[in-house]
$ cat input.pdb   # PDB, C-alpha atoms and all ligand atoms
ATOM      1  CA  MET A   9       1.602  10.878  16.994
ATOM      2  CA  PRO A  10       4.428  12.620  15.166
ATOM      3  CA  TRP A  11       5.797  11.373  11.879
ATOM      4  CA  THR A  12       9.361  10.116  11.855
ATOM      5  CA  ARG A  13      11.244  10.999   8.693
ATOM      6  CA  LEU A  14      13.227   8.041   7.433
ATOM      7  CA  PRO A  15      16.615   8.996   6.096
ATOM      8  CA  LEU A  16      16.982   7.388   2.673
ATOM      9  CA  GLU A  17      18.711   9.440  -0.028
ATOM     10  CA  ASP A  18      16.537  10.351  -3.047
ATOM     11  CA  ALA A  19      13.373   9.298  -1.197
ATOM     12  CA  GLU A  20      10.773  11.015   0.967
ATOM     13  CA  LEU A  21       9.484   8.674   3.648
ATOM     14  CA  ALA A  22       7.708   9.203   6.941
ATOM     15  CA  TYR A  23       6.477   6.606   9.392
ATOM     16  CA  ASP A  24       4.070   6.563  12.293
ATOM     17  CA  PRO A  25       4.156   3.163  14.042
ATOM     18  CA  HIS A  26       0.924   3.839  15.930
ATOM     19  CA  TRP A  27      -1.238   5.947  13.641
ATOM     20  CA  LEU A  28      -4.090   3.797  14.959
ATOM     21  CA  ASP A  29      -3.944   2.607  18.547
ATOM     22  CA  GLY A  30      -4.165  -1.123  19.171
ATOM     23  CA  GLU A  31      -7.893  -1.166  19.789
ATOM     24  CA  ALA A  32      -8.764   0.875  16.682
ATOM     25  CA  ALA A  33      -6.420  -1.238  14.572
ATOM     26  CA  ASP A  34      -8.000  -4.478  15.862
ATOM     27  CA  ALA A  35     -11.494  -3.172  15.082
ATOM     28  CA  LEU A  36     -10.581  -2.025  11.571
ATOM     29  CA  TYR A  37      -8.862  -5.314  10.786
ATOM     30  CA  ALA A  38     -11.875  -7.320  11.982
ATOM     31  CA  ALA A  39     -14.264  -5.147   9.936
ATOM     32  CA  LEU A  40     -12.237  -5.262   6.711
ATOM     33  CA  LEU A  41     -11.944  -9.038   6.524
ATOM     34  CA  PRO A  42     -15.680  -9.406   5.688
ATOM     35  CA  GLN A  43     -16.324  -5.926   4.183
ATOM     36  CA  VAL A  44     -13.701  -5.903   1.424
ATOM     37  CA  PRO A  45     -14.507  -7.897  -1.744
ATOM     38  CA  TRP A  46     -11.227  -9.841  -1.802
ATOM     39  CA  GLU A  47     -10.169 -11.145  -5.198
ATOM     40  CA  VAL A  48      -7.245 -12.870  -6.835
ATOM     41  CA  HIS A  49      -5.808 -10.387  -9.309
ATOM     42  CA  ARG A  50      -3.961 -11.535 -12.390
ATOM     43  CA  ILE A  51      -0.521 -10.056 -12.939
ATOM     44  CA  ARG A  52       1.732 -10.079 -15.958
ATOM     45  CA  LEU A  53       5.276 -11.216 -15.308
ATOM     46  CA  PHE A  54       7.810 -11.575 -18.119
ATOM     47  CA  GLY A  55       4.967 -11.611 -20.637
ATOM     48  CA  ARG A  56       2.924 -14.315 -18.867
ATOM     49  CA  GLU A  57      -0.226 -14.020 -16.791
ATOM     50  CA  HIS A  58      -0.299 -15.438 -13.279
ATOM     51  CA  ASP A  59      -2.479 -15.302 -10.189
ATOM     52  CA  SER A  60      -0.852 -12.794  -7.857
ATOM     53  CA  PRO A  61       0.309 -14.329  -4.549
ATOM     54  CA  ARG A  62      -2.140 -12.469  -2.294
ATOM     55  CA  LEU A  63      -5.762 -11.298  -2.248
ATOM     56  CA  SER A  64      -6.482  -7.778  -3.471
ATOM     57  CA  SER A  65      -9.245  -5.274  -4.009
ATOM     58  CA  TRP A  66      -9.384  -1.918  -5.778
ATOM     59  CA  ILE A  67     -11.635   0.464  -3.894
ATOM     60  CA  GLY A  68     -12.429   4.035  -4.834
ATOM     61  CA  ASP A  69     -14.730   6.758  -6.040
ATOM     62  CA  VAL A  70     -16.625   5.912  -9.253
ATOM     63  CA  ASP A  71     -14.482   8.255 -11.333
ATOM     64  CA  ALA A  72     -11.178   6.935  -9.957
ATOM     65  CA  HIS A  73     -10.420   4.504 -12.789
ATOM     66  CA  TYR A  74      -7.121   2.809 -12.617
ATOM     67  CA  ARG A  75      -4.986   1.036 -15.185
ATOM     68  CA  TYR A  76      -2.893  -1.669 -13.650
ATOM     69  CA  SER A  77      -0.795  -4.331 -15.353
ATOM     70  CA  GLY A  78      -2.431  -3.352 -18.639
ATOM     71  CA  ALA A  79      -6.038  -3.742 -17.402
ATOM     72  CA  ASP A  80      -8.642  -1.091 -16.595
ATOM     73  CA  PHE A  81     -10.105  -1.499 -13.118
ATOM     74  CA  GLN A  82     -13.480  -0.183 -12.076
ATOM     75  CA  PRO A  83     -13.095   0.336  -8.348
ATOM     76  CA  HIS A  84     -15.323  -1.254  -5.724
ATOM     77  CA  PRO A  85     -17.235   1.198  -3.508
ATOM     78  CA  TRP A  86     -15.766   2.232  -0.138
ATOM     79  CA  PRO A  87     -16.565  -0.226   2.653
ATOM     80  CA  GLN A  88     -18.120   1.530   5.609
ATOM     81  CA  ALA A  89     -15.191   0.787   7.918
ATOM     82  CA  LEU A  90     -12.801   2.676   5.627
ATOM     83  CA  GLN A  91     -14.704   5.964   5.552
ATOM     84  CA  PRO A  92     -13.381   7.418   8.834
ATOM     85  CA  VAL A  93      -9.835   6.323   7.999
ATOM     86  CA  ARG A  94      -9.977   7.925   4.586
ATOM     87  CA  GLN A  95     -11.390  11.116   6.094
ATOM     88  CA  ARG A  96      -8.724  11.360   8.786
ATOM     89  CA  LEU A  97      -5.865  10.690   6.366
ATOM     90  CA  ALA A  98      -7.214  13.298   3.949
ATOM     91  CA  GLU A  99      -7.486  15.886   6.720
ATOM     92  CA  GLU A 100      -4.118  15.186   8.294
ATOM     93  CA  LEU A 101      -2.237  15.058   5.032
ATOM     94  CA  GLY A 102      -4.280  17.564   3.026
ATOM     95  CA  ALA A 103      -4.568  15.058   0.193
ATOM     96  CA  PRO A 104      -7.795  14.146  -1.654
ATOM     97  CA  PHE A 105      -7.358  10.368  -1.519
ATOM     98  CA  ASN A 106      -9.936   8.887  -3.898
ATOM     99  CA  SER A 107      -8.728   5.314  -4.164
ATOM    100  CA  VAL A 108      -7.144   2.541  -2.171
ATOM    101  CA  LEU A 109      -5.547  -0.743  -3.137
ATOM    102  CA  ALA A 110      -6.210  -3.286  -0.394
ATOM    103  CA  ASN A 111      -3.946  -6.319  -0.170
ATOM    104  CA  ARG A 112      -4.338  -9.329   2.071
ATOM    105  CA  TYR A 113      -1.341 -11.568   2.741
ATOM    106  CA  ARG A 114      -2.680 -14.851   4.083
ATOM    107  CA  ASP A 115       0.693 -16.115   5.315
ATOM    108  CA  GLY A 116       4.423 -15.795   4.622
ATOM    109  CA  ARG A 117       4.057 -17.227   1.113
ATOM    110  CA  ASP A 118       1.946 -14.258   0.067
ATOM    111  CA  ALA A 119       4.065 -11.323  -1.040
ATOM    112  CA  MET A 120       4.502  -8.451  -3.474
ATOM    113  CA  GLY A 121       7.409  -8.246  -5.911
ATOM    114  CA  TRP A 122       9.618  -5.266  -6.774
ATOM    115  CA  HIS A 123       7.687  -2.365  -8.291
ATOM    116  CA  SER A 124       7.163   1.382  -8.179
ATOM    117  CA  ASP A 125       3.740   2.948  -7.889
ATOM    118  CA  ASP A 126       4.480   5.315 -10.731
ATOM    119  CA  GLU A 127       1.460   4.949 -12.991
ATOM    120  CA  PRO A 128       0.772   8.224 -14.829
ATOM    121  CA  GLU A 129      -2.634   8.574 -13.078
ATOM    122  CA  LEU A 130      -0.805   9.110  -9.782
ATOM    123  CA  GLY A 131       0.992  12.214 -11.037
ATOM    124  CA  ARG A 132       4.653  13.172 -11.067
ATOM    125  CA  ALA A 133       5.249  12.863  -7.344
ATOM    126  CA  PRO A 134       2.694  10.378  -6.002
ATOM    127  CA  LEU A 135       1.639  10.624  -2.375
ATOM    128  CA  ILE A 136       0.853   7.167  -1.040
ATOM    129  CA  ALA A 137      -0.295   6.485   2.505
ATOM    130  CA  SER A 138       0.210   2.832   3.400
ATOM    131  CA  LEU A 139      -1.726   1.565   6.425
ATOM    132  CA  SER A 140      -0.821  -1.875   7.778
ATOM    133  CA  LEU A 141      -2.907  -4.164   9.972
ATOM    134  CA  GLY A 142      -2.269  -7.600  11.410
ATOM    135  CA  ALA A 143       1.038  -9.422  11.248
ATOM    136  CA  THR A 144       4.232  -7.357  11.009
ATOM    137  CA  ARG A 145       6.008  -7.831   7.678
ATOM    138  CA  ARG A 146       9.290  -6.590   6.260
ATOM    139  CA  PHE A 147       9.045  -3.888   3.563
ATOM    140  CA  THR A 148      12.103  -3.255   1.408
ATOM    141  CA  PHE A 149      13.374  -0.438  -0.834
ATOM    142  CA  LYS A 150      15.948  -0.523  -3.605
ATOM    143  CA  HIS A 151      17.136   2.440  -5.694
ATOM    144  CA  ARG A 152      16.440   2.078  -9.408
ATOM    145  CA  ARG A 153      19.851   3.340 -10.521
ATOM    146  CA  ARG A 154      22.223   3.818  -7.586
ATOM    147  CA  GLU A 155      23.531   0.427  -6.586
ATOM    148  CA  GLY A 156      23.746  -0.103  -2.843
ATOM    149  CA  LEU A 157      21.112   2.457  -1.911
ATOM    150  CA  LYS A 158      18.465   0.419  -0.134
ATOM    151  CA  GLY A 159      16.435   0.294   3.027
ATOM    152  CA  GLU A 160      13.922  -1.753   4.941
ATOM    153  CA  LEU A 161      11.317  -1.326   7.572
ATOM    154  CA  ALA A 162       9.059  -3.587   9.641
ATOM    155  CA  LEU A 163       5.458  -2.467   9.057
ATOM    156  CA  GLY A 164       3.431  -3.169  12.179
ATOM    157  CA  HIS A 165      -0.248  -3.264  13.200
ATOM    158  CA  GLY A 166      -1.791   0.219  13.003
ATOM    159  CA  SER A 167       1.220   1.840  11.328
ATOM    160  CA  VAL A 168       1.206   4.272   8.425
ATOM    161  CA  LEU A 169       4.100   4.732   6.012
ATOM    162  CA  LEU A 170       4.017   7.792   3.754
ATOM    163  CA  MET A 171       5.837   7.696   0.453
ATOM    164  CA  SER A 172       5.986  10.991  -1.399
ATOM    165  CA  GLY A 173       8.055  13.304  -3.607
ATOM    166  CA  PRO A 174      10.603  11.451  -5.739
ATOM    167  CA  THR A 175      10.251   8.111  -3.914
ATOM    168  CA  GLN A 176       8.457   6.256  -6.714
ATOM    169  CA  ALA A 177      10.633   7.770  -9.441
ATOM    170  CA  ASN A 178      13.828   6.722  -7.688
ATOM    171  CA  TYR A 179      12.979   3.538  -5.805
ATOM    172  CA  ARG A 180      11.261   0.213  -6.191
ATOM    173  CA  HIS A 181       9.749  -1.457  -3.153
ATOM    174  CA  ALA A 182       8.620  -4.972  -2.279
ATOM    175  CA  LEU A 183       7.044  -7.050   0.431
ATOM    176  CA  PRO A 184       9.199 -10.209   0.421
ATOM    177  CA  ARG A 185       8.010 -13.692   1.226
ATOM    178  CA  THR A 186       9.160 -15.176   4.466
ATOM    179  CA  ALA A 187       9.708 -18.748   5.629
ATOM    180  CA  LYS A 188       9.004 -17.683   9.219
ATOM    181  CA  PRO A 189       5.546 -18.500  10.522
ATOM    182  CA  VAL A 190       3.557 -15.264  10.256
ATOM    183  CA  GLY A 191      -0.099 -14.507  10.625
ATOM    184  CA  GLU A 192      -2.368 -12.762   8.185
ATOM    185  CA  ARG A 193      -1.859  -9.111   7.250
ATOM    186  CA  ILE A 194      -3.873  -6.432   5.475
ATOM    187  CA  ASN A 195      -2.263  -3.429   3.803
ATOM    188  CA  LEU A 196      -4.111  -0.432   2.392
ATOM    189  CA  THR A 197      -2.352   2.003   0.043
ATOM    190  CA  PHE A 198      -4.374   5.204  -0.243
ATOM    191  CA  ARG A 199      -3.763   7.017  -3.517
ATOM    192  CA  VAL A 200      -4.801  10.126  -5.414
ATOM    193  CA  ILE A 201      -5.889   9.132  -8.922
ATOM    194  CA  GLY A 202      -5.787  12.026 -11.343
ATOM    195  CA  ALA A 203      -3.031  13.901  -9.477
ATOM    196  CA  ARG A 204      -0.631  16.012 -11.528
TER     197      ARG A 204
HETATM  198  O1  LIG A 301       1.777  -4.593   1.474
HETATM  199  C1  LIG A 301       2.549  -3.627   1.460
HETATM  200  O2  LIG A 301       3.025  -3.143   2.479
HETATM  201  C2  LIG A 301       2.963  -3.026   0.143
HETATM  202  C3  LIG A 301       1.843  -2.798  -0.807
HETATM  203  C4  LIG A 301       2.276  -2.047  -2.034
HETATM  204  O3  LIG A 301       3.428  -1.819  -2.296
HETATM  205  C5  LIG A 301       1.248  -1.578  -2.959
HETATM  206  O4  LIG A 301       0.043  -1.786  -2.700
HETATM  207  O5  LIG A 301       1.606  -0.968  -3.981
HETATM  208 FE    FE A 302       3.552  -0.399  -3.931
END

$ encode --input "input.pdb" --output "structure tokens"
Amino acid sequence: MPWTRLPLEDAELAYDPHWLDGEAADALYAALLPQVPWEVHRIRLFGREHDSPRLSSWIGDVDAHYRYSGADFQPHPWPQALQPVRQRLAEELGAPFNSVLANRYRDGRDAMGWHSDDEPELGRAPLIASLSLGATRRFTFKHRRREGLKGELALGHGSVLLMSGPTQANYRHALPRTAKPVGERINLTFRVIGAR
């Protein structure tokens, strides 16, 4: 499937709604529920520690250390079901993905607040491949400096969103809560730790 470039000034975004077909997406989703060591991560917000409103897991090569919200994470090893996905993404995108942050949103109350994935370990122009499985959720963008520049996208089952170039430097993104009844969702953001 071809990538569709999303026109958002100062960003570099591409989307494939069916990177995995329905059957492959169903199988991956079913395999990841038991294979990923899901945890509640602690996040720091306005100087206070809280449980983050979702389940998460850092997965990666042994040398792909990651500092996140002031803590050093030793990644969990790659679950078997993720190996072919990692391989295909690396080949298609020519990027040596060595880490993935998995997030599991149990229902509409689980969410992720405004942030940029701009940690120094990800380099100057991070390439992030974001694979979504399960319930469709709204993903939103907001420019850091230029008021009014924003965008949103519904991330569906089997889709991949690529964020690259100046996207993290210029934009924050979020996965808002919703009061609508929604099912469970898994998102995987593949990253290159140690990029320049
Ligand atoms: O769940 C999503 O689609 C967003 C996840 C995200 O922004 C992240 O893992 O940094
Ligand atoms: Fe993010």

$ residues_near_ligand --input "input.pdb" --ligand "ligand LIG 301 (chain A)" --cutoff "8 Å" --atoms "only C-alpha atoms and all ligand atoms" --output "PyMOL selection string"
chain A and resi 109-113+119-120+123-125+138-140+145+147+163+181-183+194-197

$ atom_distance --input "input.pdb" --atom1 "atom CA of Leu130 of chain A" --atom2 "atom CA of Ala72 of chain A"
10.6 Å

$ closest_residue --input "input.pdb" --among "A:Gln176, A:Gln82, A:Thr144, A:Ser65" --to "ligand FE 302 (chain A)" --atoms "only C-alpha atoms and all ligand atoms"
A:Gln176

$ atom_distance --input "input.pdb" --atom1 "atom CA of Gly164 of chain A" --atom2 "atom CA of Ala133 of chain A"
25.3 Å

$ atom_distance --input "input.pdb" --atom1 "atom CA of Gly131 of chain A" --atom2 "atom CA of Arg199 of chain A"
10.3 Å

$ resolve_selection --input "input.pdb" --expression "the PyMOL selection byres (((chain A and resi 62) around 9) and not hetatm)" --output "list of chain:residue names"
A:Glu47, A:Val48, A:His49, A:Asp59, A:Ser60, A:Pro61, A:Leu63, A:Ser64, A:Asn111, A:Arg112, A:Tyr113, A:Arg114, A:Asp115, A:Arg117, A:Asp118, A:Ala119, A:Met120

$ resolve_selection --input "input.pdb" --expression "the PyMOL selection byres (((chain A and resi 89-104) around 8) and not hetatm)" --output "VMD selection string"
chain A and resid 36 39 to 40 43 86 to 88 105 to 106 137 198 200

$ resolve_selection --input "input.pdb" --expression "the PyMOL selection byres (((chain A and resi 202) around 6) and not hetatm)" --output "list of chain:residue names"
A:Glu129, A:Leu130, A:Ile201, A:Ala203

$ closest_residue --input "input.pdb" --among "A:Gly142, A:Pro15, A:Gly166, A:Gly121" --to "ligand FE 302 (chain A)" --atoms "all atoms listed in the file"
A:Gly121

$ closest_residue --input "input.pdb" --among "A:Gly55, A:Pro134, A:Gly156, A:Pro10" --to "ligand FE 302 (chain A)" --atoms "only C-alpha atoms and all ligand atoms"
A:Pro134

$ closest_residue --input "input.pdb" --among "A:Ala187, A:Leu135, A:Ala143, A:Val168" --to "Ala19 of chain A" --atoms "all atoms listed in the file"
A:Leu135

$ closest_residue --input "input.pdb" --among "A:His58, A:His73, A:His26, A:Arg132" --to "Arg204 of chain A" --atoms "only C-alpha atoms"
A:Arg132

$ closest_residue --input "input.pdb" --among "A:Gly116, A:Gly173, A:Gly159, A:Pro42" --to "Arg185 of chain A" --atoms "all atoms listed in the file"
A:Gly116

$ residues_around --input "input.pdb" --residues "Pro83 of chain A" --least-positions-apart "4" --cutoff "6 Å" --atoms "all atoms listed in the file" --output "PyMOL selection string"
chain A and resi 66-68

$ build_atoms --input "input.pdb" --residues "segment 80-92 of chain A" --atoms "N, CA and C atoms" --output "PDB file, in the frame of the given file"
ATOM      1  N   ASP A  80      -7.923  -2.235 -17.141  1.00  0.00           N
ATOM      2  CA  ASP A  80      -8.642  -1.091 -16.595  1.00  0.00           C
ATOM      3  C   ASP A  80      -9.534  -1.581 -15.454  1.00  0.00           C
ATOM      4  N   PHE A  81      -9.323  -1.061 -14.270  1.00  0.00           N
ATOM      5  CA  PHE A  81     -10.105  -1.499 -13.118  1.00  0.00           C
ATOM      6  C   PHE A  81     -11.186  -0.494 -12.770  1.00  0.00           C
ATOM      7  N   GLN A  82     -12.399  -0.991 -12.629  1.00  0.00           N
ATOM      8  CA  GLN A  82     -13.480  -0.183 -12.076  1.00  0.00           C
ATOM      9  C   GLN A  82     -13.460  -0.441 -10.574  1.00  0.00           C
ATOM     10  N   PRO A  83     -13.257   0.597  -9.782  1.00  0.00           N
ATOM     11  CA  PRO A  83     -13.095   0.336  -8.348  1.00  0.00           C
ATOM     12  C   PRO A  83     -14.371  -0.118  -7.649  1.00  0.00           C
ATOM     13  N   HIS A  84     -14.208  -0.914  -6.606  1.00  0.00           N
ATOM     14  CA  HIS A  84     -15.323  -1.254  -5.724  1.00  0.00           C
ATOM     15  C   HIS A  84     -15.637  -0.041  -4.856  1.00  0.00           C
ATOM     16  N   PRO A  85     -16.897   0.080  -4.405  1.00  0.00           N
ATOM     17  CA  PRO A  85     -17.235   1.198  -3.508  1.00  0.00           C
ATOM     18  C   PRO A  85     -16.549   1.080  -2.146  1.00  0.00           C
ATOM     19  N   TRP A  86     -16.441   2.190  -1.442  1.00  0.00           N
ATOM     20  CA  TRP A  86     -15.766   2.232  -0.138  1.00  0.00           C
ATOM     21  C   TRP A  86     -16.534   1.420   0.893  1.00  0.00           C
ATOM     22  N   PRO A  87     -15.904   0.446   1.534  1.00  0.00           N
ATOM     23  CA  PRO A  87     -16.565  -0.226   2.653  1.00  0.00           C
ATOM     24  C   PRO A  87     -16.735   0.780   3.795  1.00  0.00           C
ATOM     25  N   GLN A  88     -17.792   0.591   4.541  1.00  0.00           N
ATOM     26  CA  GLN A  88     -18.120   1.530   5.609  1.00  0.00           C
ATOM     27  C   GLN A  88     -16.956   1.754   6.576  1.00  0.00           C
ATOM     28  N   ALA A  89     -16.266   0.684   6.914  1.00  0.00           N
ATOM     29  CA  ALA A  89     -15.191   0.787   7.918  1.00  0.00           C
ATOM     30  C   ALA A  89     -14.034   1.663   7.449  1.00  0.00           C
ATOM     31  N   LEU A  90     -13.931   1.882   6.129  1.00  0.00           N
ATOM     32  CA  LEU A  90     -12.801   2.676   5.627  1.00  0.00           C
ATOM     33  C   LEU A  90     -13.082   4.168   5.597  1.00  0.00           C
ATOM     34  N   GLN A  91     -14.356   4.540   5.684  1.00  0.00           N
ATOM     35  CA  GLN A  91     -14.704   5.964   5.552  1.00  0.00           C
ATOM     36  C   GLN A  91     -14.006   6.866   6.562  1.00  0.00           C
ATOM     37  N   PRO A  92     -14.043   6.530   7.872  1.00  0.00           N
ATOM     38  CA  PRO A  92     -13.381   7.418   8.834  1.00  0.00           C
ATOM     39  C   PRO A  92     -11.866   7.474   8.651  1.00  0.00           C
TER      40      PRO A  92
END
